[in-house]
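Engineer: Sharing protein_9.txt below, compact mmCIF, C-alpha atoms:
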```
# COMPACT_ATOMS: atom_id res chain seq x y z
CA MET B 1 39.67 -105.13 -104.18
CA SER B 2 38.84 -104.44 -107.80
CA SER B 3 41.42 -104.99 -110.51
CA GLU B 4 41.39 -101.27 -111.29
CA ALA B 5 42.44 -100.43 -107.74
CA LEU B 6 45.17 -103.07 -107.97
CA VAL B 7 46.52 -101.56 -111.20
CA ALA B 8 46.44 -98.04 -109.74
CA GLY B 9 48.18 -99.14 -106.55
CA LEU B 10 50.88 -101.12 -108.34
CA THR B 11 51.53 -98.23 -110.73
CA LEU B 12 51.92 -95.83 -107.82
CA LEU B 13 54.27 -98.30 -106.14
CA SER B 14 56.40 -98.66 -109.27
CA PHE B 15 56.40 -94.88 -109.68
CA GLY B 16 57.75 -94.55 -106.15
CA ILE B 17 60.43 -97.19 -106.76
CA ILE B 18 61.56 -95.46 -109.99
CA ILE B 19 61.77 -92.05 -108.28
CA ALA B 20 63.65 -93.52 -105.32
CA ALA B 21 66.19 -95.37 -107.47
CA VAL B 22 66.73 -92.38 -109.72
CA ALA B 23 67.19 -89.99 -106.78
CA PHE B 24 69.56 -92.42 -105.04
CA GLY B 25 71.83 -92.84 -108.06
CA SER B 26 71.92 -89.23 -109.12
CA ALA B 27 72.52 -87.97 -105.59
CA ILE B 28 75.54 -90.24 -105.20
CA GLY B 29 76.87 -89.29 -108.64
CA ASP B 30 76.44 -85.56 -108.06
CA GLY B 31 78.04 -85.90 -104.64
CA ILE B 32 81.11 -87.57 -106.12
CA VAL B 33 81.43 -84.91 -108.82
CA ALA B 34 81.05 -82.03 -106.36
CA SER B 35 83.45 -83.49 -103.80
CA LYS B 36 86.10 -84.09 -106.46
CA ALA B 37 85.61 -80.53 -107.70
CA VAL B 38 86.10 -79.16 -104.19
CA GLU B 39 89.23 -81.28 -103.81
CA ALA B 40 90.60 -80.04 -107.11
CA ILE B 41 89.88 -76.40 -106.24
CA ALA B 42 91.53 -76.83 -102.85
CA ARG B 43 94.60 -78.24 -104.56
CA GLN B 44 94.73 -75.67 -107.35
CA PRO B 45 92.71 -72.57 -106.50
CA GLU B 46 93.89 -70.72 -109.61
CA ALA B 47 92.15 -73.30 -111.87
CA ARG B 48 88.78 -72.62 -110.24
CA PRO B 49 86.80 -71.26 -113.27
CA ASN B 50 87.93 -74.17 -115.45
CA ILE B 51 87.07 -76.74 -112.79
CA LEU B 52 83.65 -75.19 -112.18
CA THR B 53 82.87 -75.29 -115.92
CA PHE B 54 83.71 -78.97 -116.11
CA MET B 55 81.84 -79.66 -112.87
CA PHE B 56 78.65 -78.13 -114.25
CA MET B 57 79.13 -79.94 -117.53
CA GLY B 58 79.58 -83.23 -115.70
CA ILE B 59 76.51 -82.58 -113.57
CA GLY B 60 74.55 -81.64 -116.69
CA VAL B 61 75.49 -84.90 -118.39
CA LEU B 62 74.84 -86.93 -115.23
CA GLU B 63 71.60 -85.24 -114.32
CA ALA B 64 70.09 -86.17 -117.68
CA PHE B 65 69.61 -89.83 -116.77
CA PRO B 66 67.56 -89.26 -113.58
CA ILE B 67 65.50 -86.70 -115.48
CA ILE B 68 64.90 -89.21 -118.27
CA GLY B 69 63.84 -91.71 -115.61
CA LEU B 70 61.57 -89.14 -114.00
CA GLY B 71 59.99 -88.27 -117.36
CA LEU B 72 59.35 -91.91 -118.18
CA ALA B 73 57.91 -92.49 -114.68
CA PHE B 74 55.50 -89.60 -115.13
CA TYR B 75 54.64 -90.92 -118.59
CA LEU B 76 53.79 -94.26 -116.99
CA LEU B 77 51.77 -92.62 -114.22
CA LEU B 78 49.82 -90.02 -116.19
CA VAL B 79 49.59 -91.25 -119.79
CA VAL B 80 49.90 -95.03 -119.91
CA VAL B 81 47.81 -95.90 -116.82
CA LYS B 82 46.12 -92.52 -116.12
CA VAL B 83 46.26 -93.01 -112.34
CA PRO B 84 44.65 -89.66 -111.30
CA ASP B 85 41.54 -90.34 -113.43
CA MET B 86 41.48 -93.89 -112.08
CA ILE B 87 41.62 -92.71 -108.44
CA ALA B 88 38.91 -90.10 -109.05
CA HIS B 89 36.75 -92.81 -110.63
CA LEU B 90 37.41 -95.20 -107.73
CA THR B 91 36.48 -92.59 -105.09
CA VAL B 92 33.25 -91.84 -106.98
CA VAL B 93 32.44 -95.54 -107.08
CA ALA B 94 33.25 -95.92 -103.37
CA LYS B 95 30.81 -93.14 -102.48
CA MET F 96 41.81 -82.41 -113.83
CA HIS F 97 42.14 -81.04 -117.32
CA GLU F 98 45.89 -80.65 -117.89
CA GLN F 99 47.19 -82.99 -120.51
CA ILE F 100 50.82 -83.88 -121.13
CA GLY F 101 52.08 -83.38 -124.63
CA GLU F 102 48.98 -81.56 -125.79
CA HIS F 103 49.69 -79.50 -128.91
CA LEU F 104 47.84 -77.37 -131.38
CA THR F 105 47.98 -79.00 -134.77
CA TRP F 106 47.84 -78.15 -138.45
CA THR F 107 46.96 -80.67 -141.12
CA LEU F 108 49.22 -80.07 -144.10
CA PRO F 109 48.67 -81.67 -147.54
CA ILE F 110 51.75 -83.92 -147.84
CA VAL F 111 53.32 -84.30 -144.40
CA GLY F 112 50.07 -84.78 -142.47
CA VAL F 113 49.45 -83.51 -138.95
CA VAL F 114 52.13 -81.26 -137.49
CA HIS F 115 52.45 -79.45 -134.15
CA SER F 116 51.72 -75.87 -135.14
CA ASP F 117 52.60 -74.26 -131.81
CA THR F 118 56.09 -75.77 -131.85
CA ILE F 119 56.69 -74.61 -135.42
CA VAL F 120 55.40 -71.07 -134.84
CA THR F 121 57.40 -70.76 -131.60
CA THR F 122 60.55 -71.86 -133.39
CA TRP F 123 59.94 -69.20 -136.05
CA VAL F 124 59.44 -66.59 -133.34
CA VAL F 125 62.65 -67.65 -131.59
CA MET F 126 64.53 -67.52 -134.90
CA ALA F 127 63.18 -64.05 -135.61
CA VAL F 128 64.00 -62.75 -132.13
CA THR F 129 67.57 -64.08 -132.15
CA LEU F 130 68.19 -62.89 -135.72
CA VAL F 131 66.93 -59.38 -134.95
CA PHE F 132 68.90 -59.25 -131.69
CA PHE F 133 72.16 -60.31 -133.31
CA ALA F 134 71.56 -58.05 -136.31
CA ILE F 135 71.23 -55.10 -133.94
CA VAL F 136 74.30 -56.11 -131.96
CA GLY F 137 76.29 -56.73 -135.12
CA LYS F 138 75.27 -53.41 -136.64
CA SER F 139 76.35 -51.46 -133.58
CA TYR F 140 79.60 -53.40 -133.42
CA ARG F 141 81.84 -50.83 -135.10
CA SER F 142 81.19 -48.16 -132.50
CA ALA F 143 84.26 -46.79 -130.78
CA TYR F 144 83.41 -47.94 -127.26
CA GLN F 145 81.99 -51.21 -126.00
CA THR F 146 78.40 -51.18 -124.86
CA ARG F 147 77.15 -53.44 -122.08
CA ARG F 148 75.02 -55.53 -124.42
CA GLN F 149 77.98 -56.03 -126.70
CA ALA F 150 80.16 -57.14 -123.79
CA VAL F 151 77.68 -59.88 -122.81
CA VAL F 152 77.30 -61.16 -126.37
CA GLU F 153 81.04 -61.05 -126.91
CA GLY F 154 81.59 -63.05 -123.73
CA VAL F 155 79.23 -65.82 -124.82
CA VAL F 156 80.49 -65.91 -128.40
CA ASN F 157 84.16 -65.87 -127.37
CA TYR F 158 83.59 -68.62 -124.82
CA ILE F 159 81.98 -71.02 -127.31
CA ALA F 160 84.43 -70.01 -130.03
CA ASP F 161 87.46 -70.68 -127.82
CA LEU F 162 86.01 -73.96 -126.65
CA SER F 163 85.23 -75.27 -130.13
CA ALA F 164 88.41 -73.94 -131.74
CA GLY F 165 90.49 -75.46 -128.95
CA THR F 166 88.79 -78.84 -129.15
CA LEU F 167 88.47 -79.11 -132.93
CA GLY F 168 91.89 -77.79 -133.89
CA ARG F 169 92.73 -76.29 -137.27
CA LYS F 170 90.52 -78.62 -139.31
CA GLY F 171 87.44 -77.58 -137.36
CA GLU F 172 87.83 -73.84 -137.88
CA PRO F 173 84.91 -73.56 -140.37
CA PHE F 174 82.49 -75.10 -137.85
CA VAL F 175 82.99 -72.56 -135.08
CA PRO F 176 80.13 -70.21 -136.21
CA PHE F 177 77.81 -73.21 -136.44
CA PHE F 178 78.39 -74.12 -132.81
CA ILE F 179 77.92 -70.54 -131.64
CA ALA F 180 74.60 -70.44 -133.51
CA LEU F 181 73.63 -73.85 -132.10
CA PHE F 182 74.24 -72.76 -128.52
CA VAL F 183 72.39 -69.47 -128.91
CA PHE F 184 69.45 -71.14 -130.69
CA ILE F 185 69.00 -73.91 -128.12
CA PHE F 186 69.45 -71.47 -125.25
CA ALA F 187 66.80 -69.13 -126.67
CA MET F 188 64.41 -72.02 -127.28
CA ASN F 189 64.89 -73.34 -123.73
CA GLN F 190 64.30 -69.97 -122.10
CA PHE F 191 61.36 -69.07 -124.36
CA GLY F 192 59.10 -71.36 -122.33
CA MET F 193 59.33 -68.85 -119.49
CA LEU F 194 57.15 -66.34 -121.35
CA PRO F 195 53.41 -66.95 -120.87
CA PHE F 196 52.23 -66.59 -124.48
CA LYS F 197 50.09 -69.71 -124.40
CA ALA F 198 48.33 -68.57 -121.24
CA LEU F 199 47.36 -65.36 -123.05
CA GLY F 200 45.60 -67.37 -125.75
CA LEU F 201 48.17 -66.88 -128.51
CA PRO F 202 48.79 -69.78 -130.91
CA PHE F 203 52.40 -70.18 -129.79
CA GLY F 204 54.37 -70.42 -126.56
CA GLY F 205 56.17 -72.97 -124.45
CA SER F 206 59.63 -74.28 -125.19
CA PRO F 207 59.98 -75.85 -128.64
CA THR F 208 62.61 -78.14 -127.10
CA ALA F 209 59.92 -79.68 -124.89
CA ASP F 210 58.64 -81.31 -128.09
CA ILE F 211 60.53 -84.37 -129.28
CA ASN F 212 60.00 -83.28 -132.91
CA THR F 213 62.38 -80.36 -132.38
CA VAL F 214 65.08 -82.24 -130.53
CA VAL F 215 65.47 -85.35 -132.69
CA PRO F 216 66.17 -83.33 -135.89
CA LEU F 217 68.76 -81.29 -133.98
CA ALA F 218 70.54 -84.48 -132.92
CA LEU F 219 70.24 -85.88 -136.45
CA ILE F 220 71.78 -82.69 -137.89
CA ILE F 221 74.78 -83.20 -135.61
CA PHE F 222 75.21 -86.84 -136.54
CA VAL F 223 74.75 -86.52 -140.28
CA MET F 224 77.25 -83.65 -140.09
CA CYS F 225 79.70 -85.78 -138.11
CA TRP F 226 79.52 -88.67 -140.57
CA ALA F 227 79.75 -86.37 -143.59
CA VAL F 228 82.74 -84.46 -142.20
CA GLY F 229 84.42 -87.69 -141.13
CA PHE F 230 83.87 -89.11 -144.60
CA LYS F 231 85.35 -85.98 -146.16
CA HIS F 232 88.47 -86.06 -143.98
CA ASN F 233 89.10 -89.77 -143.56
CA GLY F 234 87.10 -91.43 -146.34
CA ILE F 235 85.76 -94.88 -145.62
CA ARG F 236 88.46 -95.37 -142.97
CA GLN F 237 86.37 -93.44 -140.47
CA PHE F 238 84.30 -96.58 -139.94
CA ALA F 239 87.43 -98.54 -139.04
CA HIS F 240 87.20 -97.41 -135.43
CA LEU F 241 84.10 -99.57 -135.02
CA ALA F 242 86.40 -102.61 -134.89
CA LYS F 243 89.23 -100.80 -133.12
CA PRO F 244 90.20 -102.62 -129.91
CA SER F 245 89.17 -105.94 -131.39
CA PRO F 246 86.64 -107.06 -134.02
CA PHE F 247 84.62 -108.84 -131.33
CA LEU F 248 83.49 -105.46 -130.03
CA LEU F 249 81.89 -104.50 -133.37
CA LEU F 250 78.35 -104.93 -132.10
CA ILE F 251 78.94 -102.95 -128.91
CA ASN F 252 80.60 -100.16 -130.89
CA ILE F 253 77.65 -100.01 -133.30
CA ILE F 254 75.24 -99.80 -130.36
CA GLU F 255 77.34 -97.02 -128.87
CA GLU F 256 77.32 -95.14 -132.18
CA VAL F 257 73.52 -95.39 -132.41
CA ALA F 258 73.01 -94.54 -128.73
CA ARG F 259 74.85 -91.24 -129.09
CA PRO F 260 72.15 -89.34 -131.06
CA VAL F 261 69.42 -90.98 -128.99
CA THR F 262 70.90 -89.87 -125.67
CA LEU F 263 71.80 -86.46 -127.08
CA ALA F 264 68.16 -85.89 -128.04
CA ALA F 265 66.69 -87.50 -124.92
CA ARG F 266 68.91 -85.51 -122.57
CA LEU F 267 67.73 -82.15 -123.91
CA PHE F 268 64.12 -83.19 -124.43
CA PHE F 269 63.48 -84.71 -121.01
CA ASN F 270 65.22 -81.93 -119.10
CA ILE F 271 63.02 -79.25 -120.65
CA PHE F 272 59.91 -81.44 -120.69
CA VAL F 273 60.15 -82.35 -117.00
CA GLY F 274 60.58 -78.66 -116.21
CA GLU F 275 57.19 -78.02 -117.79
CA LEU F 276 55.72 -81.17 -116.26
CA LEU F 277 56.54 -79.98 -112.74
CA PHE F 278 54.18 -77.04 -113.24
CA ILE F 279 51.38 -79.44 -114.14
CA VAL F 280 52.09 -81.53 -111.03
CA VAL F 281 52.03 -78.44 -108.79
CA ALA F 282 48.85 -77.24 -110.50
CA SER F 283 47.16 -80.59 -109.85
CA ILE F 284 48.15 -80.44 -106.15
CA VAL F 285 46.71 -76.93 -105.90
CA GLN F 286 43.56 -78.03 -107.69
CA ALA F 287 43.05 -81.05 -105.43
CA LYS F 288 42.67 -78.74 -102.34
CA VAL F 289 44.74 -80.96 -100.03
CA ALA F 290 44.65 -80.05 -96.33
CA ILE F 291 46.39 -82.08 -93.62
CA GLY F 292 44.85 -80.98 -90.32
CA PHE F 293 45.40 -77.23 -90.04
CA PHE F 294 48.16 -77.31 -92.65
CA ASN F 295 46.81 -76.29 -96.04
CA LEU F 296 49.18 -78.02 -98.45
CA SER F 297 47.55 -76.60 -101.58
CA LEU F 298 48.04 -73.04 -100.37
CA ALA F 299 51.59 -73.71 -99.19
CA VAL F 300 52.59 -75.22 -102.52
CA THR F 301 51.55 -72.19 -104.61
CA PHE F 302 54.95 -70.52 -104.22
CA VAL F 303 56.81 -73.56 -105.56
CA PRO F 304 56.48 -72.58 -109.29
CA PHE F 305 58.65 -69.59 -108.49
CA LEU F 306 61.47 -71.94 -107.46
CA ILE F 307 60.80 -74.25 -110.41
CA GLN F 308 61.31 -71.29 -112.72
CA PHE F 309 64.78 -70.69 -111.26
CA PHE F 310 65.54 -74.37 -111.70
CA ASN F 311 64.42 -74.17 -115.33
CA LEU F 312 66.58 -71.12 -115.97
CA PHE F 313 69.61 -73.02 -114.69
CA VAL F 314 68.75 -76.30 -116.44
CA GLY F 315 68.02 -74.60 -119.77
CA THR F 316 71.41 -72.89 -119.77
CA VAL F 317 73.35 -75.97 -118.67
CA GLN F 318 71.61 -78.26 -121.15
CA ALA F 319 72.16 -75.88 -124.07
CA PHE F 320 75.84 -75.81 -123.11
CA VAL F 321 76.02 -79.58 -122.70
CA PHE F 322 74.35 -80.19 -126.07
CA THR F 323 76.80 -77.84 -127.79
CA LEU F 324 79.81 -79.28 -125.98
CA LEU F 325 78.89 -82.88 -126.80
CA ALA F 326 78.31 -81.90 -130.42
CA ILE F 327 81.81 -80.37 -130.48
CA VAL F 328 83.30 -83.49 -128.90
CA TYR F 329 81.56 -85.84 -131.36
CA LEU F 330 82.68 -83.72 -134.31
CA SER F 331 86.26 -83.65 -133.01
CA LEU F 332 86.16 -87.46 -132.76
CA ALA F 333 84.95 -87.62 -136.36
CA ILE F 334 87.61 -85.21 -137.63
CA GLY F 335 90.69 -86.42 -135.81
CA GLU F 336 90.21 -90.12 -136.25
CA ASP F 337 93.79 -91.10 -137.07
CA HIS F 338 95.81 -89.39 -134.36
```
Reformat the file's structure so that it appears as structure tokens.
Structural biologist:
Amino acid sequence: MSSEALVAGLTLLSFGIIIAAVAFGSAIGDGIVASKAVEAIARQPEARPNILTFMFMGIGVLEAFPIIGLGLAFYLLLVVVKVPDMIAHLTVVAK
Amino acid sequence: MHEQIGEHLTWTLPIVGVVHSDTIVTTWVVMAVTLVFFAIVGKSYRSAYQTRRQAVVEGVVNYIADLSAGTLGRKGEPFVPFFIALFVFIFAMNQFGMLPFKALGLPFGGSPTADINTVVPLALIIFVMCWAVGFKHNGIRQFAHLAKPSPFLLLINIIEEVARPVTLAARLFFNIFVGELLFIVVASIVQAKVAIGFFNLSLAVTFVPFLIQFFNLFVGTVQAFVFTLLAIVYLSLAIGEDH
């Protein structure tokens, strides 16, 4: 195995780990926010518009961190290591 | 695969060097569009009955105005128009990326907020404003809160103070940028002509940009609102330091 293939494989692996971690955390966080919002609406249905505003604001603030992680992961994959070019090069070499 | 991330048209100016011309021109276009729109709405404002356009604009303006006036209190009254303008400007910039000007070969297009050079100055405007307003209202005492619970936390408080503009800028930038990046990812899947058995993945994935556009519409609105709301909260912290 050439070192280029090793770098491409490890970058893809780290990309997958970043995406998995980011999705895990944000899914749990969004779930907590949404379940608390449902609870609050069930308790006080007349405060529904206010609660929904704050729910979306909370999700907007929360959702930023997974998106930052996703952006940095794509930056790593496509700009720093240039994995697609590397894989195309490797398949050409293999042929 | 030709698509490049963060590829911009550039101008080389005499003093400042290389700048991203498409971002600058798009920002000018957004400014012109919003100014003309609000000039028209404002001019027709004194009519006897309420038009539909006026009702929508009034709803948005009243919402942000109530929010900022309620959070900032009496001292923050002069800043209410600024926050309305901030929300409308960021919202227009986020949604402008939906229009395919760049695909038509024009020298502008795309969201200006998907460029970090637009977002960092916006965050810096907010923070210089917060420090200036805090200095005006509380003098040098506004920095006393850095050592508030105990002086040992000074370093952590300084890090928190610096992290605020960074996260404010990064939140907006990455949300809009990833929205545009998803199109590139889908395009590269389509271009790669992937087929798994009889299932043609590249053909099946061509309808996904439609869904991504809905996602971007939602994200652009929410992030413009979140940016404005956090700016209001930071300014209210700077104003009402001693309560």
Engineer: Show which residues sit within 12 Å of Phe196 of chain F, as a list in words. Count only C-alpha atoms, and ignore same-chain residues fewer than 5 positions away.
Structural biologist: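 Using only C-alpha atoms, the neighbours found are Asp117, Val120, Thr121, Val124, Phe191, Leu201, Pro202, Phe203, Gly204, Gly205 and Ser206 of chain F.
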Engineer: Would you place a box with edges along x, y and z of the file around all atoms of segment 269-273 of chain F listed there, add 3 Å to each of its six sides, and report the centre and edge lengths in Å to one decimal, as AutoDock Vina command-line options?
Structural biologist:
```
--center_x 62.6 --center_y -82.0 --center_z -119.0 --size_x 11.3 --size_y 11.5 --size_z 10.0
```
Engineer: Which residue out of F:Val155, F:Val285, F:Cys225, F:Ile327 has the minimum interatomic distance to Phe238 of chain F when all atoms listed in the file are used?
Structural biologist: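 Of all the options, F:Cys225 lies closest to Phe238 of chain F.
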Engineer: When you get a sec, could you note down which chain F residues fall within 7 Å of chain B, using only C-alpha atoms, as a list in words?
Structural biologist: Arg266, Phe269, Asn270, Val273, Val317, Gln318 and Val321 of chain F
Engineer: Just how far from atom CA of Ala160 of chain F is atom CA of Thr122 of chain F, in Å to one decimal?
Structural biologist: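 Atom CA of Thr122 of chain F sits 24.2 Å away from atom CA of Ala160 of chain F.
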Engineer: Identify the residues within 7 Å of coordinate (81.7, -74.5, -130.0) (same frame as the file), considering all atoms listed in the file, and give the answer as an MDAnalysis selection string.
Structural biologist: chainID F and resid 159:160 162:164 175 178:179 323:324 327
Engineer: Would you compute the distance between atom CA of Tyr329 of chain F and atom CA of Val215 of chain F? Give it in Å to one decimal.
Structural biologist: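 Going from atom CA of Tyr329 of chain F over to atom CA of Val215 of chain F, I get 16.2 Å.
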Engineer: I'd like the interatomic distance between atom CA of Asp161 of chain F and atom CA of Phe174 of chain F, to a tenth of an Å.
Structural biologist: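 Atom CA of Phe174 of chain F lies 12.0 Å from atom CA of Asp161 of chain F.
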Engineer: Could you tell me which of B:Ala37, B:Val93, B:Ile87, B:Val81 comes closest to Phe54 of chain B if we count all atoms listed in the file?
Structural biologist: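 Among the listed residues, the smallest separation from Phe54 of chain B belongs to B:Ala37.
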Engineer: Export segment 8-38 of chain B from the structure block above, keeping N, CA and C atoms, as a PDB file, in the first residue's frame.
Structural biologist:
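Result written to result_19.pdb:
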```
ATOM      1  N   ALA B   8      -5.078   8.952   2.049  1.00  0.00           N
ATOM      2  CA  ALA B   8      -6.465   9.102   1.595  1.00  0.00           C
ATOM      3  C   ALA B   8      -7.411   8.296   2.483  1.00  0.00           C
ATOM      4  N   GLY B   9      -7.015   7.064   2.804  1.00  0.00           N
ATOM      5  CA  GLY B   9      -7.877   6.225   3.629  1.00  0.00           C
ATOM      6  C   GLY B   9      -8.055   6.778   5.016  1.00  0.00           C
ATOM      7  N   LEU B  10      -6.948   7.246   5.627  1.00  0.00           N
ATOM      8  CA  LEU B  10      -7.057   7.783   6.985  1.00  0.00           C
ATOM      9  C   LEU B  10      -7.875   9.062   7.002  1.00  0.00           C
ATOM     10  N   THR B  11      -7.749   9.889   5.945  1.00  0.00           N
ATOM     11  CA  THR B  11      -8.542  11.115   5.903  1.00  0.00           C
ATOM     12  C   THR B  11     -10.025  10.796   5.796  1.00  0.00           C
ATOM     13  N   LEU B  12     -10.346   9.801   4.947  1.00  0.00           N
ATOM     14  CA  LEU B  12     -11.754   9.404   4.834  1.00  0.00           C
ATOM     15  C   LEU B  12     -12.277   8.875   6.163  1.00  0.00           C
ATOM     16  N   LEU B  13     -11.422   8.107   6.867  1.00  0.00           N
ATOM     17  CA  LEU B  13     -11.832   7.561   8.162  1.00  0.00           C
ATOM     18  C   LEU B  13     -12.098   8.687   9.151  1.00  0.00           C
ATOM     19  N   SER B  14     -11.176   9.674   9.194  1.00  0.00           N
ATOM     20  CA  SER B  14     -11.358  10.766  10.142  1.00  0.00           C
ATOM     21  C   SER B  14     -12.565  11.606   9.769  1.00  0.00           C
ATOM     22  N   PHE B  15     -12.796  11.753   8.457  1.00  0.00           N
ATOM     23  CA  PHE B  15     -13.997  12.461   8.005  1.00  0.00           C
ATOM     24  C   PHE B  15     -15.256  11.767   8.529  1.00  0.00           C
ATOM     25  N   GLY B  16     -15.269  10.438   8.405  1.00  0.00           N
ATOM     26  CA  GLY B  16     -16.427   9.687   8.900  1.00  0.00           C
ATOM     27  C   GLY B  16     -16.602   9.831  10.394  1.00  0.00           C
ATOM     28  N   ILE B  17     -15.492   9.823  11.145  1.00  0.00           N
ATOM     29  CA  ILE B  17     -15.591   9.944  12.602  1.00  0.00           C
ATOM     30  C   ILE B  17     -16.134  11.321  12.980  1.00  0.00           C
ATOM     31  N   ILE B  18     -15.638  12.380  12.272  1.00  0.00           N
ATOM     32  CA  ILE B  18     -16.113  13.737  12.581  1.00  0.00           C
ATOM     33  C   ILE B  18     -17.611  13.834  12.325  1.00  0.00           C
ATOM     34  N   ILE B  19     -18.052  13.334  11.154  1.00  0.00           N
ATOM     35  CA  ILE B  19     -19.478  13.432  10.809  1.00  0.00           C
ATOM     36  C   ILE B  19     -20.314  12.668  11.826  1.00  0.00           C
ATOM     37  N   ALA B  20     -19.835  11.470  12.222  1.00  0.00           N
ATOM     38  CA  ALA B  20     -20.601  10.663  13.163  1.00  0.00           C
ATOM     39  C   ALA B  20     -20.721  11.366  14.508  1.00  0.00           C
ATOM     40  N   ALA B  21     -19.611  11.908  15.016  1.00  0.00           N
ATOM     41  CA  ALA B  21     -19.631  12.561  16.319  1.00  0.00           C
ATOM     42  C   ALA B  21     -20.549  13.767  16.298  1.00  0.00           C
ATOM     43  N   VAL B  22     -20.438  14.540  15.206  1.00  0.00           N
ATOM     44  CA  VAL B  22     -21.197  15.769  15.085  1.00  0.00           C
ATOM     45  C   VAL B  22     -22.693  15.469  14.990  1.00  0.00           C
ATOM     46  N   ALA B  23     -23.041  14.408  14.234  1.00  0.00           N
ATOM     47  CA  ALA B  23     -24.446  14.047  14.085  1.00  0.00           C
ATOM     48  C   ALA B  23     -24.997  13.522  15.407  1.00  0.00           C
ATOM     49  N   PHE B  24     -24.203  12.730  16.111  1.00  0.00           N
ATOM     50  CA  PHE B  24     -24.600  12.169  17.406  1.00  0.00           C
ATOM     51  C   PHE B  24     -24.938  13.288  18.382  1.00  0.00           C
ATOM     52  N   GLY B  25     -23.996  14.216  18.561  1.00  0.00           N
ATOM     53  CA  GLY B  25     -24.194  15.287  19.535  1.00  0.00           C
ATOM     54  C   GLY B  25     -25.360  16.178  19.187  1.00  0.00           C
ATOM     55  N   SER B  26     -25.432  16.588  17.926  1.00  0.00           N
ATOM     56  CA  SER B  26     -26.482  17.540  17.567  1.00  0.00           C
ATOM     57  C   SER B  26     -27.853  16.880  17.599  1.00  0.00           C
ATOM     58  N   ALA B  27     -27.913  15.588  17.269  1.00  0.00           N
ATOM     59  CA  ALA B  27     -29.213  14.908  17.318  1.00  0.00           C
ATOM     60  C   ALA B  27     -29.718  14.849  18.743  1.00  0.00           C
ATOM     61  N   ILE B  28     -28.822  14.525  19.686  1.00  0.00           N
ATOM     62  CA  ILE B  28     -29.250  14.467  21.089  1.00  0.00           C
ATOM     63  C   ILE B  28     -29.673  15.848  21.569  1.00  0.00           C
ATOM     64  N   GLY B  29     -28.873  16.866  21.233  1.00  0.00           N
ATOM     65  CA  GLY B  29     -29.201  18.224  21.675  1.00  0.00           C
ATOM     66  C   GLY B  29     -30.532  18.692  21.119  1.00  0.00           C
ATOM     67  N   ASP B  30     -30.744  18.495  19.810  1.00  0.00           N
ATOM     68  CA  ASP B  30     -32.006  18.913  19.199  1.00  0.00           C
ATOM     69  C   ASP B  30     -33.171  18.147  19.790  1.00  0.00           C
ATOM     70  N   GLY B  31     -32.960  16.854  20.083  1.00  0.00           N
ATOM     71  CA  GLY B  31     -34.017  16.057  20.675  1.00  0.00           C
ATOM     72  C   GLY B  31     -34.413  16.597  22.033  1.00  0.00           C
ATOM     73  N   ILE B  32     -33.423  16.980  22.848  1.00  0.00           N
ATOM     74  CA  ILE B  32     -33.745  17.526  24.171  1.00  0.00           C
ATOM     75  C   ILE B  32     -34.539  18.820  24.030  1.00  0.00           C
ATOM     76  N   VAL B  33     -34.060  19.704  23.122  1.00  0.00           N
ATOM     77  CA  VAL B  33     -34.748  20.984  22.944  1.00  0.00           C
ATOM     78  C   VAL B  33     -36.194  20.754  22.504  1.00  0.00           C
ATOM     79  N   ALA B  34     -36.382  19.868  21.509  1.00  0.00           N
ATOM     80  CA  ALA B  34     -37.733  19.666  20.975  1.00  0.00           C
ATOM     81  C   ALA B  34     -38.640  19.022  22.010  1.00  0.00           C
ATOM     82  N   SER B  35     -38.105  18.051  22.770  1.00  0.00           N
ATOM     83  CA  SER B  35     -38.969  17.390  23.761  1.00  0.00           C
ATOM     84  C   SER B  35     -39.364  18.356  24.860  1.00  0.00           C
ATOM     85  N   LYS B  36     -38.429  19.222  25.279  1.00  0.00           N
ATOM     86  CA  LYS B  36     -38.777  20.212  26.301  1.00  0.00           C
ATOM     87  C   LYS B  36     -39.803  21.196  25.764  1.00  0.00           C
ATOM     88  N   ALA B  37     -39.683  21.542  24.472  1.00  0.00           N
ATOM     89  CA  ALA B  37     -40.659  22.470  23.891  1.00  0.00           C
ATOM     90  C   ALA B  37     -42.036  21.840  23.869  1.00  0.00           C
ATOM     91  N   VAL B  38     -42.101  20.556  23.497  1.00  0.00           N
ATOM     92  CA  VAL B  38     -43.402  19.875  23.492  1.00  0.00           C
ATOM     93  C   VAL B  38     -43.993  19.832  24.887  1.00  0.00           C
TER      94      VAL B  38
END
```
